[in-house]
>>> print(open('target03.csv').read())   # CSV, C-alpha atoms
chain,number,residue,atom,x,y,z
A,1,MET,CA,29.5,28.9,14.6
A,2,ILE,CA,26.9,31.6,14.2
A,3,ALA,CA,23.7,31.5,16.2
A,4,ILE,CA,20.5,31.2,14.2
A,5,THR,CA,16.9,31.7,15.0
A,6,TRP,CA,14.7,28.8,14.0
A,7,GLN,CA,11.0,28.8,13.2
A,8,LYS,CA,8.3,27.1,11.2
A,9,PHE,CA,6.8,28.7,8.1
A,10,THR,CA,3.7,27.8,6.2
A,11,THR,CA,3.9,30.0,3.0
A,12,ALA,CA,7.1,29.5,1.0
A,13,THR,CA,8.3,32.8,-0.5
A,14,ALA,CA,10.6,33.3,-3.5
A,15,ALA,CA,13.5,33.5,-1.1
A,16,HIS,CA,12.6,30.1,0.4
A,17,TYR,CA,12.2,28.6,-3.1
A,18,GLU,CA,15.6,29.9,-4.2
A,19,LEU,CA,17.2,28.0,-1.4
A,20,LEU,CA,15.0,24.9,-1.7
A,21,LEU,CA,15.7,24.7,-5.5
A,22,ASP,CA,19.4,25.1,-5.0
A,23,ALA,CA,19.4,21.9,-2.9
A,24,ASP,CA,16.8,20.1,-5.1
A,25,PRO,CA,16.3,21.4,-8.7
A,26,ASN,CA,13.1,19.4,-9.3
A,27,ARG,CA,10.5,22.1,-8.8
A,28,ALA,CA,7.6,19.6,-8.9
A,29,LEU,CA,9.1,17.5,-6.1
A,30,VAL,CA,9.9,20.6,-4.0
A,31,THR,CA,6.4,22.1,-4.4
A,32,ASN,CA,4.9,18.8,-3.4
A,33,TYR,CA,6.9,18.3,-0.2
A,34,VAL,CA,6.6,21.9,0.8
A,35,LYS,CA,2.9,21.5,0.6
A,36,ASN,CA,2.8,18.3,2.5
A,37,GLY,CA,5.7,18.7,5.0
A,38,THR,CA,6.6,20.8,7.9
A,39,CYS,CA,8.9,23.7,6.8
A,40,PHE,CA,11.5,25.5,9.0
A,41,GLU,CA,13.6,28.5,8.3
A,42,ALA,CA,16.9,29.6,9.8
A,43,ARG,CA,17.7,33.3,10.1
A,44,TYR,CA,20.8,35.2,11.1
A,45,GLN,CA,20.2,38.8,12.1
A,46,ASP,CA,16.8,38.7,10.3
A,47,GLU,CA,18.3,37.4,7.1
A,48,LEU,CA,17.0,34.1,5.7
A,49,VAL,CA,20.1,31.8,5.7
A,50,GLY,CA,18.6,28.3,5.6
A,51,VAL,CA,15.5,26.1,5.0
A,52,LEU,CA,14.7,22.6,6.0
A,53,VAL,CA,11.6,20.4,5.3
A,54,VAL,CA,10.4,17.3,7.2
A,55,ILE,CA,7.7,14.9,6.0
A,56,ALA,CA,6.0,12.0,7.7
A,57,THR,CA,6.7,8.9,5.6
A,58,ARG,CA,5.5,5.9,7.6
A,59,PRO,CA,4.2,5.3,11.1
A,60,ALA,CA,6.7,6.7,13.6
A,61,THR,CA,9.1,7.7,10.8
A,62,ALA,CA,9.9,11.1,9.3
A,63,GLU,CA,12.3,12.1,6.5
A,64,ILE,CA,14.2,15.3,6.2
A,65,VAL,CA,13.7,15.9,2.5
A,66,ASN,CA,15.5,19.2,2.0
A,67,VAL,CA,18.3,21.0,3.8
A,68,ALA,CA,19.5,24.2,2.2
A,69,VAL,CA,21.9,26.8,3.4
A,70,LYS,CA,22.6,30.1,1.7
A,71,GLU,CA,26.0,29.8,0.0
A,72,THR,CA,27.6,32.7,1.9
A,73,PHE,CA,26.7,31.0,5.2
A,74,GLN,CA,27.9,27.5,4.4
A,75,GLY,CA,30.7,26.1,6.5
A,76,GLN,CA,29.6,28.2,9.5
A,77,GLY,CA,27.5,25.6,11.4
A,78,VAL,CA,24.1,26.6,10.1
A,79,GLY,CA,23.4,23.2,8.5
A,80,GLU,CA,24.4,21.3,11.6
A,81,GLN,CA,22.2,23.5,13.8
A,82,MET,CA,19.3,23.1,11.5
A,83,VAL,CA,19.6,19.3,11.3
A,84,ARG,CA,20.0,19.0,15.1
A,85,LYS,CA,17.0,21.3,15.7
A,86,ALA,CA,14.9,19.2,13.2
A,87,LEU,CA,15.9,16.0,15.0
A,88,ALA,CA,14.8,17.6,18.4
A,89,TRP,CA,11.5,18.6,16.8
A,90,CYS,CA,11.0,15.1,15.4
A,91,GLN,CA,11.5,13.7,18.9
A,92,THR,CA,8.8,16.0,20.3
A,93,GLN,CA,6.5,14.7,17.6
A,94,LEU,CA,7.2,11.2,18.8
A,95,TYR,CA,8.9,10.0,15.7
A,96,GLN,CA,11.1,7.0,16.4
A,97,THR,CA,13.2,7.1,13.2
A,98,VAL,CA,14.4,10.0,11.0
A,99,GLU,CA,15.6,9.3,7.5
A,100,ILE,CA,17.5,11.5,5.0
A,101,GLY,CA,18.9,11.0,1.5
A,102,THR,CA,21.6,12.7,-0.4
A,103,GLY,CA,23.6,12.3,-3.6
A,104,SER,CA,26.5,9.9,-3.6
A,105,SER,CA,28.7,12.8,-4.7
A,106,SER,CA,27.4,15.2,-2.0
A,107,PHE,CA,30.5,14.8,0.2
A,108,GLN,CA,29.8,17.8,2.5
A,109,ALA,CA,26.2,16.6,3.1
A,110,LEU,CA,27.3,13.0,3.8
A,111,TYR,CA,29.9,14.4,6.3
A,112,LEU,CA,27.3,16.6,8.0
A,113,TYR,CA,24.6,13.9,8.3
A,114,GLN,CA,27.0,11.4,9.8
A,115,LYS,CA,28.3,14.0,12.2
A,116,CYS,CA,24.7,14.5,13.3
A,117,GLY,CA,24.3,10.8,14.0
A,118,PHE,CA,22.9,9.4,10.8
A,119,ARG,CA,24.1,6.0,9.6
A,120,MET,CA,24.0,4.8,6.0
A,121,THR,CA,21.3,2.2,5.3
A,122,HIS,CA,21.3,1.7,1.5
A,123,ILE,CA,21.8,3.2,-1.9
A,124,ASP,CA,18.9,4.0,-4.3
A,125,ARG,CA,20.7,3.3,-7.6
A,126,ASP,CA,20.0,5.7,-10.5
A,127,PHE,CA,17.6,7.8,-8.3
A,128,PHE,CA,18.7,11.0,-9.9
A,129,VAL,CA,18.6,9.5,-13.4
A,130,ARG,CA,15.0,8.4,-12.9
A,131,HIS,CA,13.7,11.6,-11.2
A,132,TYR,CA,15.6,14.5,-12.9
A,133,ALA,CA,15.3,15.3,-16.6
A,134,GLU,CA,18.7,17.1,-16.7
A,135,GLU,CA,22.0,15.5,-15.7
A,136,ILE,CA,23.4,16.8,-12.4
A,137,ILE,CA,27.1,17.3,-12.1
A,138,GLU,CA,28.4,17.6,-8.5
A,139,ASN,CA,32.0,17.7,-7.5
A,140,LYS,CA,32.9,16.9,-11.1
A,141,ILE,CA,30.9,13.6,-10.9
A,142,VAL,CA,27.7,12.8,-12.7
A,143,LEU,CA,25.2,12.3,-9.9
A,144,ARG,CA,23.3,9.1,-10.3
A,145,ASP,CA,22.7,7.4,-6.9
A,146,MET,CA,21.1,8.5,-3.7
A,147,VAL,CA,22.7,7.4,-0.4
A,148,ARG,CA,20.0,6.8,2.2
A,149,LEU,CA,20.7,7.3,5.9
A,150,SER,CA,18.7,7.0,9.1
A,151,GLN,CA,18.8,7.6,12.8
A,152,ASP,CA,16.8,6.1,15.6
A,153,LEU,CA,15.7,8.7,18.1
>>> encode(input="target03.csv", output="structure tokens")
Amino acid sequence: MIAITWQKFTTATAAHYELLLDADPNRALVTNYVKNGTCFEARYQDELVGVLVVIATRPATAEIVNVAVKETFQGQGVGEQMVRKALAWCQTQLYQTVEIGTGSSSFQALYLYQKCGFRMTHIDRDFFVRHYAEEIIENKIVLRDMVRLSQDL
């Protein structure tokens, strides 16, 4: 596992957007939650390797809406460190519950989130059909449903 540095950022650069859009191709959604959320970046030896965005959704509840790790750094513990650091930050902000959603075919993300303590709560059927103009193929499966997970802090 490589050690990352972790910090907030307020202005998303082209490099941030490249990662954010890799995780979520809907530019309008990404732009909206970057503007309204708390954004964090992960760096390794001064190189941007990951981005994560948290938004407040309800009283005492936050949602991690984007977790993106540069492809060449995937599988090296960056995503896990980012999610755990985000959970710790949420706790300092007195959130009681953190939610996260991912595609039903996003096997690596489902593994990561459960490894970090999230539990499945429900499925938002046809989420990706309703919110994305172009069909998304992931792991040779047409992505239709979002799996919702949460964790009480």
>>> atom_distance(input="target03.csv", atom1="atom CA of A:Ile64", atom2="atom CA of A:Cys90")
9.7 Å
>>> residues_near_point(input="target03.csv", point="(17.3, 17.6, 4.7)", cutoff="8 Å", atoms="only C-alpha atoms", output="list of chain:residue names")
A:Leu52, A:Val53, A:Val54, A:Glu63, A:Ile64, A:Val65, A:Asn66, A:Val67, A:Ala68, A:Val83, A:Ile100, A:Gly101
>>> closest_atom_pairs(input="target03.csv", of="stretch 67-106 of chain A", to="stretch 117-130 of chain A", cutoff="10 Å", atoms="only C-alpha atoms", output="Markdown table")
| residue | atom | partner | partner_atom | distance |
| --- | --- | --- | --- | --- |
| A:Arg84 | CA | A:Gly117 | CA | 9.3 |
| A:Leu87 | CA | A:Gly117 | CA | 9.9 |
| A:Val98 | CA | A:Phe118 | CA | 8.5 |
| A:Glu99 | CA | A:Phe118 | CA | 8.0 |
| A:Ile100 | CA | A:Phe118 | CA | 8.2 |
| A:Gly101 | CA | A:Ile123 | CA | 9.0 |
| A:Thr102 | CA | A:Ile123 | CA | 9.6 |
| A:Gly103 | CA | A:Phe128 | CA | 8.1 |
| A:Ser104 | CA | A:Ile123 | CA | 8.4 |
>>> residues_near_point(input="target03.csv", point="(19.0, 33.6, 13.6)", cutoff="7 Å", atoms="only C-alpha atoms", output="PyMOL selection string")
chain A and resi 3-6+42-46
>>> closest_residue(input="target03.csv", among="A:Gln81, A:Gln7, A:Gln114, A:Asn32", to="A:Leu20", atoms="only C-alpha atoms")
A:Asn32
>>> closest_residue(input="target03.csv", among="A:Ser106, A:Glu47, A:His131, A:Cys39", to="A:Arg27", atoms="all atoms listed in the file")
A:His131
>>> atom_distance(input="target03.csv", atom1="atom CA of A:Asp22", atom2="atom CA of A:Phe107")
16.0 Å
>>> atom_distance(input="target03.csv", atom1="atom CA of A:Thr97", atom2="atom CA of A:Ala62")
6.5 Å
>>> residues_around(input="target03.csv", residues="A:Gly77", least_positions_apart="2", cutoff="7 Å", atoms="only C-alpha atoms", output="MDAnalysis selection string")
chainID A and resid 1:2 75 79:81
>>> closest_residue(input="target03.csv", among="A:Gln108, A:Thr92, A:Gln151, A:Thr10", to="A:Glu41", atoms="only C-alpha atoms")
A:Thr10
>>> decode(input="target03.csv", residues="stretch 22-68 of chain A", atoms="N, CA and C atoms", output="PDB file, in the first residue's frame")
ATOM      1  N   ASP A  22     -14.042  10.142 -15.120  1.00  0.00           N
ATOM      2  CA  ASP A  22     -13.760   8.728 -15.331  1.00  0.00           C
ATOM      3  C   ASP A  22     -14.667   7.883 -14.428  1.00  0.00           C
ATOM      4  N   ALA A  23     -14.926   8.368 -13.223  1.00  0.00           N
ATOM      5  CA  ALA A  23     -15.790   7.654 -12.280  1.00  0.00           C
ATOM      6  C   ALA A  23     -17.270   7.922 -12.550  1.00  0.00           C
ATOM      7  N   ASP A  24     -17.594   9.091 -13.093  1.00  0.00           N
ATOM      8  CA  ASP A  24     -18.979   9.480 -13.355  1.00  0.00           C
ATOM      9  C   ASP A  24     -19.002  10.324 -14.625  1.00  0.00           C
ATOM     10  N   PRO A  25     -19.432   9.740 -15.750  1.00  0.00           N
ATOM     11  CA  PRO A  25     -19.357  10.460 -17.027  1.00  0.00           C
ATOM     12  C   PRO A  25     -20.390  11.566 -17.237  1.00  0.00           C
ATOM     13  N   ASN A  26     -21.274  11.812 -16.276  1.00  0.00           N
ATOM     14  CA  ASN A  26     -22.275  12.860 -16.422  1.00  0.00           C
ATOM     15  C   ASN A  26     -21.689  14.186 -15.923  1.00  0.00           C
ATOM     16  N   ARG A  27     -21.205  15.002 -16.868  1.00  0.00           N
ATOM     17  CA  ARG A  27     -20.528  16.249 -16.515  1.00  0.00           C
ATOM     18  C   ARG A  27     -21.413  17.186 -15.701  1.00  0.00           C
ATOM     19  N   ALA A  28     -22.695  17.263 -16.019  1.00  0.00           N
ATOM     20  CA  ALA A  28     -23.591  18.161 -15.281  1.00  0.00           C
ATOM     21  C   ALA A  28     -23.699  17.735 -13.818  1.00  0.00           C
ATOM     22  N   LEU A  29     -23.849  16.442 -13.574  1.00  0.00           N
ATOM     23  CA  LEU A  29     -23.911  15.952 -12.192  1.00  0.00           C
ATOM     24  C   LEU A  29     -22.600  16.225 -11.465  1.00  0.00           C
ATOM     25  N   VAL A  30     -21.489  15.936 -12.119  1.00  0.00           N
ATOM     26  CA  VAL A  30     -20.176  16.141 -11.503  1.00  0.00           C
ATOM     27  C   VAL A  30     -19.973  17.612 -11.153  1.00  0.00           C
ATOM     28  N   THR A  31     -20.257  18.484 -12.083  1.00  0.00           N
ATOM     29  CA  THR A  31     -20.089  19.921 -11.847  1.00  0.00           C
ATOM     30  C   THR A  31     -20.953  20.376 -10.670  1.00  0.00           C
ATOM     31  N   ASN A  32     -22.170  19.874 -10.593  1.00  0.00           N
ATOM     32  CA  ASN A  32     -23.073  20.258  -9.503  1.00  0.00           C
ATOM     33  C   ASN A  32     -22.547  19.789  -8.149  1.00  0.00           C
ATOM     34  N   TYR A  33     -22.119  18.530  -8.041  1.00  0.00           N
ATOM     35  CA  TYR A  33     -21.683  18.102  -6.717  1.00  0.00           C
ATOM     36  C   TYR A  33     -20.300  18.608  -6.348  1.00  0.00           C
ATOM     37  N   VAL A  34     -19.465  18.938  -7.319  1.00  0.00           N
ATOM     38  CA  VAL A  34     -18.180  19.576  -6.993  1.00  0.00           C
ATOM     39  C   VAL A  34     -18.435  20.973  -6.422  1.00  0.00           C
ATOM     40  N   LYS A  35     -19.399  21.671  -7.002  1.00  0.00           N
ATOM     41  CA  LYS A  35     -19.741  23.021  -6.546  1.00  0.00           C
ATOM     42  C   LYS A  35     -20.358  23.001  -5.143  1.00  0.00           C
ATOM     43  N   ASN A  36     -21.161  21.990  -4.844  1.00  0.00           N
ATOM     44  CA  ASN A  36     -21.905  21.948  -3.582  1.00  0.00           C
ATOM     45  C   ASN A  36     -21.302  21.044  -2.517  1.00  0.00           C
ATOM     46  N   GLY A  37     -20.245  20.309  -2.858  1.00  0.00           N
ATOM     47  CA  GLY A  37     -19.684  19.354  -1.914  1.00  0.00           C
ATOM     48  C   GLY A  37     -18.356  19.799  -1.333  1.00  0.00           C
ATOM     49  N   THR A  38     -17.788  18.898  -0.543  1.00  0.00           N
ATOM     50  CA  THR A  38     -16.436  19.075  -0.024  1.00  0.00           C
ATOM     51  C   THR A  38     -15.549  18.128  -0.816  1.00  0.00           C
ATOM     52  N   CYS A  39     -14.536  18.688  -1.461  1.00  0.00           N
ATOM     53  CA  CYS A  39     -13.696  17.923  -2.381  1.00  0.00           C
ATOM     54  C   CYS A  39     -12.329  17.663  -1.759  1.00  0.00           C
ATOM     55  N   PHE A  40     -11.853  16.437  -1.945  1.00  0.00           N
ATOM     56  CA  PHE A  40     -10.542  16.030  -1.435  1.00  0.00           C
ATOM     57  C   PHE A  40      -9.725  15.451  -2.578  1.00  0.00           C
ATOM     58  N   GLU A  41      -8.417  15.610  -2.455  1.00  0.00           N
ATOM     59  CA  GLU A  41      -7.516  15.001  -3.424  1.00  0.00           C
ATOM     60  C   GLU A  41      -6.475  14.168  -2.695  1.00  0.00           C
ATOM     61  N   ALA A  42      -6.050  13.114  -3.379  1.00  0.00           N
ATOM     62  CA  ALA A  42      -4.968  12.257  -2.881  1.00  0.00           C
ATOM     63  C   ALA A  42      -3.783  12.448  -3.810  1.00  0.00           C
ATOM     64  N   ARG A  43      -2.618  12.606  -3.213  1.00  0.00           N
ATOM     65  CA  ARG A  43      -1.396  12.759  -4.003  1.00  0.00           C
ATOM     66  C   ARG A  43      -0.371  11.747  -3.536  1.00  0.00           C
ATOM     67  N   TYR A  44       0.430  11.308  -4.490  1.00  0.00           N
ATOM     68  CA  TYR A  44       1.563  10.441  -4.193  1.00  0.00           C
ATOM     69  C   TYR A  44       2.770  11.101  -4.839  1.00  0.00           C
ATOM     70  N   GLN A  45       3.743  11.464  -4.021  1.00  0.00           N
ATOM     71  CA  GLN A  45       4.938  12.173  -4.498  1.00  0.00           C
ATOM     72  C   GLN A  45       4.546  13.346  -5.401  1.00  0.00           C
ATOM     73  N   ASP A  46       3.611  14.150  -4.933  1.00  0.00           N
ATOM     74  CA  ASP A  46       3.121  15.360  -5.596  1.00  0.00           C
ATOM     75  C   ASP A  46       2.314  15.098  -6.871  1.00  0.00           C
ATOM     76  N   GLU A  47       2.025  13.844  -7.199  1.00  0.00           N
ATOM     77  CA  GLU A  47       1.200  13.526  -8.370  1.00  0.00           C
ATOM     78  C   GLU A  47      -0.237  13.296  -7.911  1.00  0.00           C
ATOM     79  N   LEU A  48      -1.188  13.917  -8.593  1.00  0.00           N
ATOM     80  CA  LEU A  48      -2.598  13.704  -8.293  1.00  0.00           C
ATOM     81  C   LEU A  48      -2.964  12.272  -8.672  1.00  0.00           C
ATOM     82  N   VAL A  49      -3.384  11.487  -7.679  1.00  0.00           N
ATOM     83  CA  VAL A  49      -3.702  10.072  -7.940  1.00  0.00           C
ATOM     84  C   VAL A  49      -5.143   9.725  -7.600  1.00  0.00           C
ATOM     85  N   GLY A  50      -5.857  10.638  -6.920  1.00  0.00           N
ATOM     86  CA  GLY A  50      -7.239  10.334  -6.572  1.00  0.00           C
ATOM     87  C   GLY A  50      -8.019  11.558  -6.163  1.00  0.00           C
ATOM     88  N   VAL A  51      -9.344  11.441  -6.307  1.00  0.00           N
ATOM     89  CA  VAL A  51     -10.265  12.512  -5.946  1.00  0.00           C
ATOM     90  C   VAL A  51     -11.481  11.872  -5.284  1.00  0.00           C
ATOM     91  N   LEU A  52     -12.031  12.573  -4.294  1.00  0.00           N
ATOM     92  CA  LEU A  52     -13.229  12.101  -3.595  1.00  0.00           C
ATOM     93  C   LEU A  52     -14.069  13.320  -3.243  1.00  0.00           C
ATOM     94  N   VAL A  53     -15.404  13.194  -3.386  1.00  0.00           N
ATOM     95  CA  VAL A  53     -16.311  14.299  -3.073  1.00  0.00           C
ATOM     96  C   VAL A  53     -17.385  13.809  -2.104  1.00  0.00           C
ATOM     97  N   VAL A  54     -17.629  14.621  -1.057  1.00  0.00           N
ATOM     98  CA  VAL A  54     -18.653  14.340  -0.049  1.00  0.00           C
ATOM     99  C   VAL A  54     -19.669  15.469  -0.073  1.00  0.00           C
ATOM    100  N   ILE A  55     -20.959  15.118  -0.021  1.00  0.00           N
ATOM    101  CA  ILE A  55     -22.002  16.142   0.088  1.00  0.00           C
ATOM    102  C   ILE A  55     -22.887  15.822   1.293  1.00  0.00           C
ATOM    103  N   ALA A  56     -23.459  16.862   1.876  1.00  0.00           N
ATOM    104  CA  ALA A  56     -24.469  16.692   2.920  1.00  0.00           C
ATOM    105  C   ALA A  56     -25.788  16.406   2.213  1.00  0.00           C
ATOM    106  N   THR A  57     -26.518  15.405   2.688  1.00  0.00           N
ATOM    107  CA  THR A  57     -27.775  15.054   2.022  1.00  0.00           C
ATOM    108  C   THR A  57     -28.991  15.281   2.902  1.00  0.00           C
ATOM    109  N   ARG A  58     -28.897  14.935   4.158  1.00  0.00           N
ATOM    110  CA  ARG A  58     -29.981  15.111   5.122  1.00  0.00           C
ATOM    111  C   ARG A  58     -29.330  15.470   6.451  1.00  0.00           C
ATOM    112  N   PRO A  59     -30.123  15.880   7.437  1.00  0.00           N
ATOM    113  CA  PRO A  59     -29.506  16.156   8.743  1.00  0.00           C
ATOM    114  C   PRO A  59     -28.716  14.937   9.231  1.00  0.00           C
ATOM    115  N   ALA A  60     -27.479  15.164   9.605  1.00  0.00           N
ATOM    116  CA  ALA A  60     -26.574  14.143  10.158  1.00  0.00           C
ATOM    117  C   ALA A  60     -26.187  13.054   9.166  1.00  0.00           C
ATOM    118  N   THR A  61     -26.448  13.286   7.868  1.00  0.00           N
ATOM    119  CA  THR A  61     -26.114  12.289   6.843  1.00  0.00           C
ATOM    120  C   THR A  61     -25.315  12.938   5.720  1.00  0.00           C
ATOM    121  N   ALA A  62     -24.249  12.256   5.326  1.00  0.00           N
ATOM    122  CA  ALA A  62     -23.432  12.691   4.196  1.00  0.00           C
ATOM    123  C   ALA A  62     -23.389  11.560   3.184  1.00  0.00           C
ATOM    124  N   GLU A  63     -23.055  11.915   1.955  1.00  0.00           N
ATOM    125  CA  GLU A  63     -22.889  10.896   0.918  1.00  0.00           C
ATOM    126  C   GLU A  63     -21.562  11.124   0.200  1.00  0.00           C
ATOM    127  N   ILE A  64     -20.815  10.056   0.037  1.00  0.00           N
ATOM    128  CA  ILE A  64     -19.634  10.094  -0.816  1.00  0.00           C
ATOM    129  C   ILE A  64     -20.165   9.886  -2.224  1.00  0.00           C
ATOM    130  N   VAL A  65     -20.047  10.927  -3.069  1.00  0.00           N
ATOM    131  CA  VAL A  65     -20.674  10.872  -4.389  1.00  0.00           C
ATOM    132  C   VAL A  65     -19.694  10.559  -5.519  1.00  0.00           C
ATOM    133  N   ASN A  66     -18.403  10.630  -5.234  1.00  0.00           N
ATOM    134  CA  ASN A  66     -17.432  10.290  -6.273  1.00  0.00           C
ATOM    135  C   ASN A  66     -16.142   9.846  -5.604  1.00  0.00           C
ATOM    136  N   VAL A  67     -15.652   8.704  -6.023  1.00  0.00           N
ATOM    137  CA  VAL A  67     -14.345   8.197  -5.615  1.00  0.00           C
ATOM    138  C   VAL A  67     -13.646   7.804  -6.907  1.00  0.00           C
ATOM    139  N   ALA A  68     -12.539   8.454  -7.202  1.00  0.00           N
ATOM    140  CA  ALA A  68     -11.827   8.168  -8.450  1.00  0.00           C
ATOM    141  C   ALA A  68     -10.340   8.039  -8.170  1.00  0.00           C
TER     142      ALA A  68
END
